[in-house]
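Let me begin by presenting the structure, written as structure tokens, before commenting on it.
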Amino acid sequence: MRRVFFMIRKEFRQIFRDPPMVAIIFLVPVVQMLILSFAITTEIKHVKLAVADLDNSAVTRGITRAFANTDRFDMNIVTDDPAAIKESMRSWDAQVGIVVLPGFGRDMTRGLAPQIDIVMDGVDGNAASVAMGYAAGILQDYGRENSFPAPRIAVQEPGSADAARIAGSAVFPVTMQERMWYNPDLDSKNYMVPGIVVVLLTILPMMLSGMSLVKEKEIGTLEQLQVTPLGRRELLMGKLTPFLILSFVELAIVTTVAVLAFGITMNGSYADLALSALLYLATTIGLGIFISTITGTQQQAMFVAWFFMMFMILMSGFFIPIENMPPVLQKITHLNPMRYFVAVVRDLFQKGTPLSMLWKDLLPMTLFGVAIFSFGVLKFRKRLS
Amino acid sequence: MSASMKRTVSLARKELLHIVKDPRTLLIVFIMPLVQLVMFGYAFDLEIHLIPAGVVDRDNSTASRSLIESFRGSDLFRLSDLGDTSTDIETSFRSRKARAVIIVPAGFEKDLLRGPGADVQVIIDASDPNSAQLMKNYCGQAIAGFNASRGPGAAMPFDVRTSILYNPDLESAFFFVPGIVAMIMVMICALLTSITVAREKETGTMEQLLVSPVRPREIIAGKVLPYVFLAFLDGSFILVVGMVLFDVPFNGSLLLMVGLSTLYIITALSLGLMISTVARTQQVAIMMALTITMLPTIMLSGLVFPIESMPKVLQYATYIVPARYFLQIIRGILLKGSALVHLWQPALSLLVMTSILLAVSVRRFGMKLER
């Protein structure tokens, strides 16, 4: 026990002796948190707009104003040449173009349903489809707010039952009243910040434990440690306990920043968060040990860790929602321990779900944790002997 | 060949041997972007299907049932009846059995037939704001469809024609392939170079190099050239795979592409050199390279998240991220067929940035070596 304690003390000394390392452990997560939570916004805003209004009537000016008045579009180019829109897309000065031909306003007041062209830059498919929805919404609202004569379109066949019913009485509409629970303002921060907590709790423990073990291997001090009276179990305990402690310090820092700096409400219990984090750390620290057994240099360890990280983050639902993936990939995400922890932490923060209701995530996560950790330790011990 | 050039070449050959002799790193450098390519290329579907939704029908009339049918009509929702209590909503959200609950109030049919129109309440689990917005749109569509089935409502007074340029099918691969190229180039140039220099320092071989007749300038060139080569190779590899696998087009000029890519690679290399002047150990080099090059390249360049949607402060921060300019360049050339006329702004920014970074880093590196 005393030996383990000395080993732990040695590890901490080694970490704190290296100022850049200290900065990396304590400062970088905070910076990452700040950048990530502002940069990763799934909202689409300030889409650059180019308008070629060849009609220039009251109606078309009204439409242009309706677009310019939202924060969803920024009026960037005003031109009278429709061809210029395509050019401005090529130089990234516009993402959406609107073209209105002469006579639009006149036809509109006559109820002729004139044509309005919307040109989209489809390179960013996600942004394009969202912007398309915005544009349709703005045009619809504009049409509704300014009562224009209804377009004269023959919808019903004369004599049909529907037509008779419509002719007989006015149709009253159904109106939707929506309530957004847990996140009434649809602020993506509330969703992303708990996810970032998980990302940081994945990267740091895995990188640090993996690299520190490989480093001893690379510079040969692992052999020196082996000839000391330290048992293999004590060696591993002494190596890993500091990282467990540091990971919890990390969790505390990151959660504090989330709650105090970002105003994220923690609706669940902190004890639940800590307990589930402990279960999850078995996975990430276990992965770190595993990586150290299959690599020989820090560079390799870093790359393998980066590889695991990429896979885990992409397939966790952190920023690509799992429901948006094709069915095959959705099934693969079940092999990703991070997937469960992302769901647990988000539910804890946002919905305050008690752990007892989250067992469907906690159970596989714990199983993965135990399996990965034991596998890593076994492999490491085999390497040592 | 001058003596100086000979020394540079032999140093470069030594470095190349280092790279080739480490097949694990090499494998990862080529396989990893491939996996990302496939994941990003296939992983995005802009729609959600079969959203689990609960139904509380308090009216239980012909009209309410036909409204619910209009939700069931598409494959967007998977409906389950919650009975007529709404007390279970919280539980069904928490256990994720439902992500939306549709409540039809009592008296729905009466209000609908006699006027003034009826309300239907839709409660959405908005913890993921993006899909909440999507679900709201789907619900709106279902209700609009129901309204339209009962008679002509307020049709649009104009005829909106939408056309999508450059990526008509909104393929996510078109968007991500150039991004992965930009990412892998930074990874090789900034990350690998800073690690290799730090390793020479850590193992003490840098000192040995210094007492040899090689001059600092030659050390830099010899160290850096193999990585330029590797970056080009890997970048082209991804591009070709993207073109074959996902039909990503190449609409612009190859010459322009090669020229501006070189500029970008030099920028990334300068960053790598800069890091290696600060970092004494590989571990520190890796962590620094990840935070000051990889992270901004992924997060602040427009690679995934549009810059225009970020807060103003972060938008200003993106001006010092080289990948921001390179992404405009490579996406412009590949997908839009943009020429230098269109891209002079990002190209000029990149040029200025490269010149400053290169001058500073070479100077610093040389100074560190001479000491």
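Lettering and numbering for the structure tokens are positional, with chains as A, B, ... in the shown order, residues counted from 1 in each chain, and ligands counted from 1 in the shown order.
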Residues of chain A within 6 Å of chain B, only C-alpha atoms counted, as a ChimeraX atom specification = /A:39,44-46,90-91,113-125,151,172-183,186,188,191,300,324-325,353
B:Met185: which residues within 10 Å, counting only C-alpha atoms, same-chain residues fewer than 2 positions away excluded, as a PyMOL selection string?
-> chain B and resi 180-183+187-191+227-228+230-235+261+264-265+268-269+323
Do a neighbour search on A:Gln95 at 8 Å with only C-alpha atoms, toss out local chain neighbours closer than 5 positions, and write the hits as a VMD selection string.
-> chain A and resid 47 to 50 89 120 to 121
Excluding A:Met309 and any residue of its chain fewer than 4 positions from it, enumerate the residues within 10 Å of it, using only C-alpha atoms, and give them as a list in words.
->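 The residues that qualify are Val199, Thr202, Ile203, Met206, Met207, Thr284, Phe303, Val304, Ala305, Ile313, Leu314, Met315 and Met338 of chain A.
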Pick out the residues sitting within 9 Å of A:Leu279, and hand them over as a list in words; count only C-alpha atoms, and ignore anything fewer than 4 positions along from it in its own chain.
->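 Contacts, with the query itself left out: Ala274, Leu275, Thr283, Leu362, Met365, Thr366, Gly369 and Val370 of chain A.
Using only C-alpha atoms, the nearest neighbour of B:Gly366 within the list B:Ser10, B:Asn251, B:Thr277, B:Ser64 is B:Thr277.
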DSSP on the backbone, then: every residue of stretch 75-257 of chain B marked helix (DSSP H, G or I), written as a PyMOL selection string.
-> chain B and resi 89-94+108-114+129-149+172-203+205-211+216-246+254-257
What does the distance between atom CA of A:Met21 and atom CA of A:Ser212 come to in Å, to one decimal place?
->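 These atoms are spaced 11.5 Å apart.
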Expressed in Å, the length from atom CA of A:Asp361 to atom CA of A:Ser247 is 21.2 Å
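For the residues A:Thr256, A:Ser316, A:Gln226, A:Ser209, ranking by smallest atom-to-atom distance to A:Thr241 using only C-alpha atoms places A:Ser209 first.
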